[in-house]
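Remarks on the structure that follows.
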Amino acid sequence: MRPIRRLLIANRGEIALRIIRTARSLGIHTIALYSDADARALHVEAADEAWPLGPAPARDSYLNAGKVLAIARAARADAIHPGYGFLSENSAFAEQVEAAGLCFVGPPATAIRAMGDKAGAKALMAAAGVPLLPGYHGEEQTETRLLAEARHIGMPLLIKAAAGGGGKGMRRVDDDAELLEALAAVKREARSTFGDDAVLLERYLERARHVEVQLFCDHHGQGVYLGDRDCSLQRRHQKVIEEAPAPGLSDALRRAMGEASVKAALAIGYVGAGTMEYLVCGESFFFMEMNTRLQVEHPVTECITGQDLVAWQLQIAQGAPLPLSQADVTLRGHAVEARLYAEDVAAGFLPASGDIDTLVWPQGVRIDSGVREGDTITPYYDPMLAKLIAHGPDRAHAFTALAAALDALTLAPLIHNAPLLARLCREPDVLAVRHHTQWPLPSTAPPLPELAWLAAALWLGRAPSSPDPWQRFAGFRVGREDRLALPLTLGGEARHLSLNLRRRGAATEVQWHGHWLPYRLTADAVHLMAEGRWQRLPVVRDRLHLEGQSVAFGLTSPQHDSPSEAPAHGAIAPMHALVVQLLVSPGQQVHRGQPLVVLEAMKMEHTLRAGEEAVVAAVHCRAGEPVSQGARLVSFTQEQP
């Protein structure tokens with residue numbers, strides 16, 4: 001072991017910034033990497049030096065081990081920290097780092113390889129006496145064998161990429177009719193993301209909770225666990241909200257999971273940060289997988305332990321013993337983390353991309369982020385924008401603080417999931433710990449608050465002169481009330497609003513539901529004093545942004561209703577994506593719900609299905625070609641089949 005003086009961070013975004021902050025506090029020189037898409041990213045500015053990796057696609061930049069190692073040598077790095085994702089669990093990369101005489105801030109390649117093969121990891125856990133779910137983890141991967149094993153295990157079934165992680169390469173199957181399609185999809189996704197299409201099969205455990213244990217081991221044969229976390233709130237097998245400690249567990253169960261985790265890690269010669277993930281039902285727990293890296297949700301453990309886990313990683317990598325013994329680990333309070341994603345919840349959690357014109361972070365919570373106002377979110381990487389973490393004396397205080405912070409967030413015009421996150425923080429089932437991994441996250445957009453209509457009317461009422469008579473409204477005079485009457489549309493709904501306005505000194509007020517509310521208009525927002533606080537509702541490009549929703553609004557003539565938009569009659573790309581597979585051809589009759597096109601965006605597959613009984617008139621795309629959001633991919637004939 002030798003001191004780390006120059007650290008190369010083989011990652012991007014918030015985790016790169018997180019590592020830079022701790023490394024700098026330890027006096028370590030930091031070296032960042034960036035793709036063409038990240039040339040102006042925050043982590044590039046924050047590092048002591050930054051080196052270009054090349055084209056935006058991850059395979060040509062952050063996943064290019066040869067480029068990363070070449071830069072490490074040129075930059076005279078002592079060590080490489082891989083963060084999470086990308087090369088963090090690539091055993092071949094860890095071996096190459098060590099062969100180059102550099103320190104890999106993570107476990108040995110042998111441990112990564114042992115636990116990275118999900119099937120092999122389960123065999124190791126079985127040998128260690130850790131309970132496993134019924135399943136198939138064998139090497140024979142023929143379709144015949146997999147189908148036979150799947151039917152033997154029974155439904156519901158989970159198909160998982162053997163080399164997978166991060167919730168990618170997974171499908172739930174509920175009956176035989178879905179089996180072949182799901183198996184093919186997982187293999188494609190696994191091959192594309194991990195370079196290996198081997199899968200394993202597991203019985204899908206209903207109403208289980210996802211509980212994980214944070215552990216650390218050093219080079220001296222010692223290990224500790226730093227409590228546990230609950231990560232049961234998920235969409236597409238990816239975590240949305242995490243908390244620590246996991247609520248509602250007995251002390252005996254916590255101790256059993258913690259001790260089993262450390263024992264298993266030491267058995268494979270593990271060093272550094274790791275996480276054992278389990279499914280928990282009552283007092284029983286079943287091994288799922290081990291993540292041989294720092295977790296996205298590590299901040300909640302930092303909050304309740306008061307420890308800097310990145311500092312632990314760097315110290316252990318330099319040969320230092322564990323900073324604490326198991327007896328010295330103490331937990332204080334409760335912490336909860338929400339993952340803020342650029343995604344359209346109402347459209348089935350589809351990833352979103354676009355500009356961040358306005359961004360105001362809330363106060364009172366920890367925010368780990370790699371984005372800022374003025375950034376553009378591209379479709380090349382994971383759509384997570386930030387993590388908001390609240391810490392309180394107990395679970396109720398932590399959830400209340402996080403919900404308030406999410407309410408106060410201003411982020412526009414990019415679509416994001418903050419309204420869903422705030423809703424989950426107040427959800428009775430979540431607060432009562434009745435949720436589980438299959439608990440359905442609400443995906444329908446919440447109804448627009450009535451305040452949105454008021455904000456839209458005030459904004460339109462101050463519109464500049466226009467040849468359209470419906471866009472000319474006279475100002476009002478001091479000392480008297482005036483009326484603003486106008487027809488408007490908001491989110492596809494039309495209303496006629498009539499508002500009373502007045503001035504009181506330098507202030508302007510509007511009457512709304514019997515109350516006079518102070519308001520002011522700025523160049524890009526409506527500001528309202530409502531519900532006991534000032535609220536800012538941004539307006540960007542004729543769209544009102546509130547509670548994570550971007551809603552079009554405008555004026556309409558009272559004599560004419562706006563025509564409704566015709567149905568799609570085919571398939572429209574809901575986001576920028578790559579066409580993976582075409583499943584129909586011209587002249588083919590299709591049924592409602594039938595798959596038409598498989599797209600890939602941000603490492604996830606999305607299947608577009610027919611919304612009606614129809615005949616395919618034309619196909620406007622090809623497999624392997626990129627398509628833009630809003631592009632027509634398949635057209636139907638207007639005649640009914």
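How things are named: the first chain in the structure tokens is A, the next is B, and so on; residues count from 1 in each chain; ligands count from 1 in the order shown.
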
What are the closest atom pairs, with distances in Å to one decimal, for each residue of region 319-419 of chain A lying within 10 Å of region 583-603 of chain A, using only C-alpha atoms, rows by chain and rising residue number, as a tab-separated table?
```
residue	atom	partner	partner_atom	distance
A:Leu350	CA	A:Ala601	CA	8.6
A:Pro351	CA	A:Ala601	CA	7.3
A:Ala352	CA	A:Ala601	CA	9.4
A:Thr378	CA	A:Met602	CA	9.3
A:Pro379	CA	A:Met602	CA	6.0
A:Tyr380	CA	A:Met602	CA	6.0
A:Tyr381	CA	A:Met602	CA	5.6
A:Asp382	CA	A:Met602	CA	5.7
A:Pro383	CA	A:Met602	CA	7.3
```

Residue neighbourhood Arg434 (chain A), 10 Å, only C-alpha atoms, exclusion window fewer than 5 positions, as a PyMOL selection string: chain A and resi 207+209+428-429+439

Within 10 Å of region 497-511 of chain A, which residues of region 383-464 of chain A show up? Give each one with its shortest atom-to-atom distance in Å (one decimal) and the two atoms involved, counting only C-alpha atoms, rows by chain then rising residue number, as a tab-separated table.
```
residue	atom	partner	partner_atom	distance
A:Trp453	CA	A:Leu497	CA	8.4
A:Leu454	CA	A:Leu497	CA	8.4
A:Ala457	CA	A:Leu497	CA	7.4
A:Leu458	CA	A:Val510	CA	8.8
```

Please extract the residues of region 322-495 of chain A with a backbone DSSP assignment of strand (DSSP E or B) and present them as a ChimeraX atom specification. /A:334-341,343-344,350-351,354-360,366-369,376-377,384-392,410-413,482-490,493-495

Residue list (helix (DSSP H, G or I), DSSP) for region 375-514 of chain A, as a PyMOL selection string: chain A and resi 395-408+418-426+428-431+451-461+469-471

Residues near Ala403 (chain A), cut-off 8 Å, only C-alpha atoms, skip fewer than 4 positions along chain, as a list of chain:residue names: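 Using only C-alpha atoms, the neighbours found are A:Phe399, A:Asp407, A:Leu421, A:Ala422, A:Arg423, A:Cys425, A:Arg426.
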
For the selection just defined, write its residues with N, CA and C atoms to a file, as a compact mmCIF listing (two decimals), in the first residue's frame.
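Dumped to result-v4.txt:
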```
# COMPACT_ATOMS: atom_id res chain seq x y z
N PHE A 399 -39.25 12.18 6.73
CA PHE A 399 -40.15 12.19 5.57
C PHE A 399 -40.83 13.54 5.40
N ASP A 407 -41.38 19.87 -2.49
CA ASP A 407 -42.37 20.88 -2.85
C ASP A 407 -41.71 22.20 -3.24
N LEU A 421 -42.26 11.93 -6.04
CA LEU A 421 -41.45 11.72 -4.85
C LEU A 421 -42.11 12.36 -3.62
N ALA A 422 -42.61 13.59 -3.80
CA ALA A 422 -43.29 14.27 -2.69
C ALA A 422 -44.55 13.51 -2.28
N ARG A 423 -45.24 12.99 -3.27
CA ARG A 423 -46.46 12.21 -3.00
C ARG A 423 -46.12 10.95 -2.22
N CYS A 425 -43.66 10.53 -0.19
CA CYS A 425 -43.27 10.89 1.18
C CYS A 425 -44.47 11.10 2.09
N ARG A 426 -45.65 11.28 1.51
CA ARG A 426 -46.87 11.50 2.30
C ARG A 426 -47.85 10.32 2.17
```

My list of candidates is A:Gln295, A:Thr193, A:Ser91, A:Gln141. Which is closest to Phe104 (chain A) when distances are computed with only C-alpha atoms? A:Ser91

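Distance check against Gly83 (chain A) using only C-alpha atoms: of A:His152, A:Arg293, A:His334, A:Arg172, the minimum falls on A:Arg293.
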
Which of these, A:Ala320, A:Leu309, A:Ala161, A:Ala123, has the shortest distance to Gly221 (chain A) once you count only C-alpha atoms?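 Selected residue with least distance to Gly221 (chain A): A:Ala320.
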
Near-Leu53 (chain A) list (12 Å; only C-alpha atoms; drop same-chain fewer than 5 positions) as a ChimeraX atom specification: /A:10-12,32-39,44,58-72

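Each of A:Thr144, A:Ser284, A:Gln222, A:Thr275 was checked against Leu324 (chain A) using only C-alpha atoms; the smallest atom-to-atom distance is that of A:Gln222.
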
Closest to Ala571 (chain A) among A:Val616, A:Ile367, A:Ile415, A:Ala338, using only C-alpha atoms?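 Closest to Ala571 (chain A) of all the choices is A:Val616.
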